[in-house]
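Colleague: Input query20.txt, format and content: compact mmCIF, C-alpha atoms.
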```txt
# COMPACT_ATOMS: atom_id res chain seq x y z
CA MET A 1 -148.55 121.64 116.75
CA PHE A 2 -152.27 122.21 117.28
CA GLN A 3 -152.37 120.03 120.39
CA GLN A 4 -149.96 122.31 122.29
CA PRO A 5 -150.78 125.84 123.50
CA TYR A 6 -148.88 127.51 120.65
CA ASN A 7 -152.05 129.44 119.91
CA LEU A 8 -151.13 131.59 122.92
CA LEU A 9 -148.39 133.05 120.73
CA VAL A 10 -151.00 134.06 118.16
CA TYR A 11 -153.18 135.65 120.84
CA SER A 12 -150.19 137.43 122.37
CA ALA A 13 -149.18 138.76 118.97
CA ALA A 14 -152.74 140.04 118.43
CA LEU A 15 -152.64 141.92 121.74
CA VAL A 16 -149.24 143.42 120.92
CA VAL A 17 -150.49 144.43 117.47
CA LEU A 18 -153.54 146.15 118.94
CA LEU A 19 -151.42 148.05 121.45
CA LEU A 20 -148.80 148.97 118.85
CA GLY A 21 -151.45 150.13 116.42
CA VAL A 22 -153.03 152.39 119.02
CA TRP A 23 -149.75 153.70 120.39
CA CYS A 24 -148.12 154.29 116.98
CA GLY A 25 -151.30 155.39 115.21
CA THR A 26 -150.65 153.09 112.29
CA THR A 27 -152.30 150.13 110.59
CA ILE A 28 -149.05 148.40 109.60
CA PRO A 29 -149.14 145.93 112.53
CA LEU A 30 -152.62 144.85 111.42
CA PHE A 31 -151.22 143.51 108.16
CA PHE A 32 -148.59 141.55 110.08
CA GLN A 33 -151.22 140.01 112.37
CA CYS A 34 -153.63 139.18 109.54
CA THR A 35 -150.73 137.44 107.79
CA LEU A 36 -149.99 135.50 110.97
CA PHE A 37 -153.66 134.48 111.15
CA LEU A 38 -153.49 133.41 107.50
CA VAL A 39 -150.41 131.23 108.07
CA TRP A 40 -151.80 129.67 111.26
CA ASP A 41 -155.18 128.92 109.70
CA LEU A 42 -153.61 127.58 106.52
CA LEU A 43 -151.37 125.25 108.51
CA PHE A 44 -154.41 124.03 110.43
CA ALA A 45 -156.45 123.56 107.25
CA ILE A 46 -153.78 121.46 105.56
CA SER A 47 -152.87 119.55 108.70
CA ARG A 48 -152.84 115.83 107.93
CA ASN A 49 -152.47 114.76 111.55
CA PRO A 50 -155.67 112.88 112.50
CA LYS A 51 -155.36 114.19 116.08
CA ASP A 52 -155.67 117.75 114.72
CA SER A 53 -158.75 117.00 112.63
CA GLU A 54 -162.20 118.02 113.71
CA ASP A 55 -165.14 115.68 113.66
CA ARG A 56 -168.26 116.53 111.69
CA ASP A 57 -170.29 117.91 114.61
CA THR A 58 -167.48 120.08 115.92
CA ALA A 59 -166.87 121.55 112.47
CA ILE A 60 -170.56 122.35 111.98
CA THR A 61 -170.78 123.94 115.44
CA ARG A 62 -167.70 126.02 114.76
CA SER A 63 -169.05 127.32 111.45
CA THR A 64 -172.39 128.20 113.06
CA THR A 65 -170.69 129.99 115.95
CA ILE A 66 -168.53 132.06 113.60
CA GLY A 67 -171.59 133.11 111.60
CA THR A 68 -173.43 134.09 114.75
CA LEU A 69 -170.52 136.14 116.08
CA LEU A 70 -170.08 137.93 112.78
CA SER A 71 -173.76 138.82 112.61
CA TYR A 72 -173.29 140.89 115.78
CA PHE A 73 -171.37 143.47 113.76
CA PHE A 74 -174.39 144.44 111.68
CA PRO A 75 -176.22 146.54 114.32
CA PHE A 76 -173.04 148.53 114.90
CA TYR A 77 -172.64 149.19 111.20
CA THR A 78 -176.30 150.17 110.89
CA ILE A 79 -175.65 152.91 113.44
CA LEU A 80 -172.40 153.85 111.71
CA PHE A 81 -174.09 154.15 108.33
CA ALA A 82 -176.85 156.25 109.88
CA LEU A 83 -174.20 158.51 111.38
CA ILE A 84 -172.33 158.84 108.11
CA PHE A 85 -175.18 159.07 105.62
CA VAL A 86 -178.32 160.25 107.42
CA THR A 87 -177.34 162.66 110.19
CA GLU A 88 -176.89 166.35 109.71
CA LYS A 89 -173.79 167.60 107.95
CA ALA A 90 -172.12 168.92 111.12
CA LYS A 91 -172.22 165.46 112.80
CA GLN A 92 -170.98 163.77 109.65
CA THR A 93 -168.09 166.18 109.41
CA ALA A 94 -167.23 165.81 113.11
CA PHE A 95 -167.21 162.02 112.83
CA LEU A 96 -165.09 162.00 109.67
CA GLU A 97 -162.64 164.48 111.21
CA LEU A 98 -162.39 162.24 114.28
CA CYS A 99 -161.57 159.27 112.02
CA ILE A 100 -158.91 161.30 110.20
CA GLN A 101 -157.41 162.46 113.49
CA ALA A 102 -157.40 158.84 114.73
CA ASN A 103 -155.74 157.71 111.49
CA VAL A 104 -158.67 155.40 110.75
CA PRO A 105 -159.37 155.68 107.03
CA MET A 106 -162.90 154.94 105.87
CA TRP A 107 -161.80 151.81 103.96
CA LEU A 108 -160.39 150.37 107.20
CA LEU A 109 -163.48 151.28 109.19
CA LEU A 110 -165.69 149.51 106.65
CA THR A 111 -163.46 146.44 106.22
CA PRO A 112 -165.04 144.50 109.13
CA PHE A 113 -168.47 145.07 107.59
CA VAL A 114 -167.29 143.77 104.22
CA LEU A 115 -165.53 140.74 105.76
CA SER A 116 -168.61 139.94 107.86
CA SER A 117 -170.85 140.25 104.83
CA ILE A 118 -168.72 137.93 102.72
CA ASN A 119 -168.49 135.37 105.51
CA LEU A 120 -172.27 135.34 105.97
CA ILE A 121 -172.88 134.43 102.33
CA PHE A 122 -173.95 130.79 102.33
CA VAL A 123 -172.07 128.63 99.85
CA PRO A 124 -173.26 125.02 100.10
CA VAL A 125 -170.56 122.37 100.36
CA ALA A 126 -170.46 118.73 101.40
CA VAL A 127 -169.76 118.44 105.12
CA THR A 128 -168.18 114.99 105.02
CA ASN A 129 -166.53 112.68 102.51
CA ALA A 130 -168.81 109.87 101.41
CA GLU A 131 -166.08 107.24 101.82
CA ASN A 132 -164.66 107.92 105.26
CA LYS A 133 -167.15 110.29 106.93
CA GLN A 134 -164.37 112.78 107.81
CA VAL A 135 -164.82 116.50 107.27
CA SER A 136 -164.55 117.13 103.53
CA PRO A 137 -161.83 119.32 102.02
CA ALA A 138 -164.58 121.67 100.78
CA PHE A 139 -165.93 122.13 104.31
CA LYS A 140 -162.39 122.57 105.67
CA GLY A 141 -161.88 125.26 103.04
CA MET A 142 -165.08 126.98 104.08
CA LEU A 143 -164.01 126.85 107.74
CA PHE A 144 -160.65 128.31 106.75
CA VAL A 145 -162.32 131.29 105.05
CA LEU A 146 -164.81 131.77 107.90
CA THR A 147 -162.14 131.56 110.59
CA LEU A 148 -159.71 133.90 108.87
CA GLY A 149 -162.50 136.38 108.11
CA GLN A 150 -163.70 136.31 111.71
CA GLN A 151 -160.20 136.79 113.12
CA CYS A 152 -159.43 139.72 110.83
CA THR A 153 -162.88 141.26 111.37
CA VAL A 154 -162.53 141.29 115.15
CA LEU A 155 -158.93 142.52 115.04
CA ILE A 156 -159.61 145.38 112.60
CA PHE A 157 -162.82 146.37 114.40
CA ALA A 158 -161.02 146.48 117.76
CA HIS A 159 -158.15 148.45 116.22
CA CYS A 160 -160.51 151.09 114.80
CA LEU A 161 -162.43 151.47 118.05
CA LEU A 162 -159.27 151.66 120.14
CA ARG A 163 -157.72 154.28 117.82
CA ILE A 164 -160.87 156.45 118.02
CA ALA A 165 -161.11 155.98 121.81
CA TYR A 166 -157.45 156.92 122.16
CA VAL A 167 -157.99 160.17 120.30
CA LEU A 168 -161.17 160.92 122.22
CA SER A 169 -159.30 160.43 125.50
CA GLY A 170 -156.79 163.08 124.50
CA GLY A 171 -154.02 160.78 123.29
```
What does this structure look like when you write it as structure tokens?
Modeller:
Amino acid sequence: MFQQPYNLLVYSAALVVLLLGVWCGTTIPLFFQCTLFLVWDLLFAISRNPKDSEDRDTAITRSTTIGTLLSYFFPFYTILFALIFVTEKAKQTAFLELCIQANVPMWLLLTPFVLSSINLIFVPVAVTNAENKQVSPAFKGMLFVLTLGQQCTVLIFAHCLLRIAYVLSGG
């Protein structure tokens, strides 16, 4: 399953979800897509097919890449927090009204920050099994959490920005 380009279906669904969310002004498609990510990632994590398994170096590189990508969200959220908590009352009110008009509740806007933060917490695990030198179940579990968190973070972040841009463009 993971050797064929079935992942294109997951990417296509993500694009449809983003467009539906913007067009309909709702977050319901996000929950569908995050569930699809969960199922896909879970199937990959429990895959017993040796052809679908990652080697040690690939798994370490993937976990490092995910952490790096997630860290890019922090400068954006620093600016967002400054806008919400530090700027004058009129700008705070204007921003919050824009979010309400875009149907982007504050909990949804902050969800990517929370997911990024959780994924950047380092929890040490064994990378490989001592017996067979394959990626350990603990490391596979960590990759599962990192991957799902990264997918949902990017999707929710994009949804929020697209909803706000749509409203700003007069939609």
Colleague: Report as a PyMOL selection string all protein, DNA and RNA residues lying within 9 Å of Gly149 of chain A, evaluated on only C-alpha atoms, omitting residues in the same chain fewer than 3 positions from it.
Modeller: chain A and resi 112+115-116+118-119+144-146+152-154
Colleague: Using all atoms listed in the file, can you tell me which of A:Cys99, A:Leu110, A:Ala82, A:Val167 comes closest to Cys24 of chain A?
Modeller: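 Checking each of A:Cys99, A:Leu110, A:Ala82, A:Val167 against Cys24 of chain A, counting all atoms listed in the file, the winner is A:Val167.
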Colleague: Determine the nearest neighbour of Ile100 of chain A from the options A:Gly25, A:Gly170, A:Pro5, A:Gly141, counting only C-alpha atoms.
Modeller: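 Once distances to Ile100 of chain A are computed over only C-alpha atoms, the minimum belongs to A:Gly25.
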Colleague: Quick one: distance from atom CA of Leu36 of chain A to atom CA of Ala13 of chain A in Å, one decimal?
Modeller: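 Distance between the two atoms: 8.7 Å.
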Colleague: With distances taken over all atoms listed in the file, which of A:Phe73, A:Phe95, A:Phe139, A:Phe113 is nearest to Leu168 of chain A?
Modeller: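 Among the listed residues, A:Phe95 lies closest to Leu168 of chain A.
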Colleague: In Å, with one decimal, what is the gap from atom CA of Val86 of chain A to atom CA of Val22 of chain A?
Modeller: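 Straight-line distance from atom CA of Val86 of chain A to atom CA of Val22 of chain A works out to 28.9 Å.
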Colleague: Could you list as a list in words every residue that has an atom within 12 Å of (-157.4, 153.2, 104.3), using the file's coordinates and counting all atoms listed in the file?
Modeller: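 Residues lying no farther than 12 Å from the given point: Thr26, Thr27, Ile28, Leu30, Cys99, Ile100, Ala102, Asn103, Val104, Pro105, Met106, Trp107, Leu108, Leu109, Leu110, Thr111, Ile156 and Cys160 of chain A.
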Colleague: Residues around (-171.1, 158.0, 110.3), cut-off 12 Å, counting only C-alpha atoms - what are they as an MDAnalysis selection string?
Modeller: chainID A and resid 76:99 106 109:110
Colleague: Which residue gives the smallest distance to Cys34 of chain A among A:Val17, A:Ala130, A:Leu69, A:Leu143, with only C-alpha atoms counted?
Modeller: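 Checking each of A:Val17, A:Ala130, A:Leu69, A:Leu143 against Cys34 of chain A, counting only C-alpha atoms, the winner is A:Val17.
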Colleague: Between atom CA of Gln101 of chain A and atom CA of Ala14 of chain A, what is the distance, to one decimal in Å?
Modeller: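 It comes out at 23.4 Å.
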Colleague: Between A:Phe31, A:Tyr166, A:Phe122, A:Phe37, which has the minimum distance to Leu148 of chain A (counting all atoms listed in the file)?
Modeller: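 Nearest to Leu148 of chain A: A:Phe37.
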Colleague: Need to verify the contact set: segment 54-60 of chain A, 10 Å, all atoms listed in the file, exclusion of same-chain residues closer than 5 positions in sequence. Can you return it as a list in words?
Modeller: Thr65, Val127, Thr128, Lys133, Gln134, Val135, Ser136, Phe139, Lys140 and Leu143 of chain A
Colleague: Edge lengths and centre in Å to one decimal, as lines of an AutoDock Vina configuration file, of the axis-aligned box that encloses all listed atoms of segment 106-120 of chain A with 6 Å added on every side?
Modeller:
```
center_x = -166.3
center_y = 145.1
center_z = 106.0
size_x = 23.9
size_y = 31.6
size_z = 18.5
```
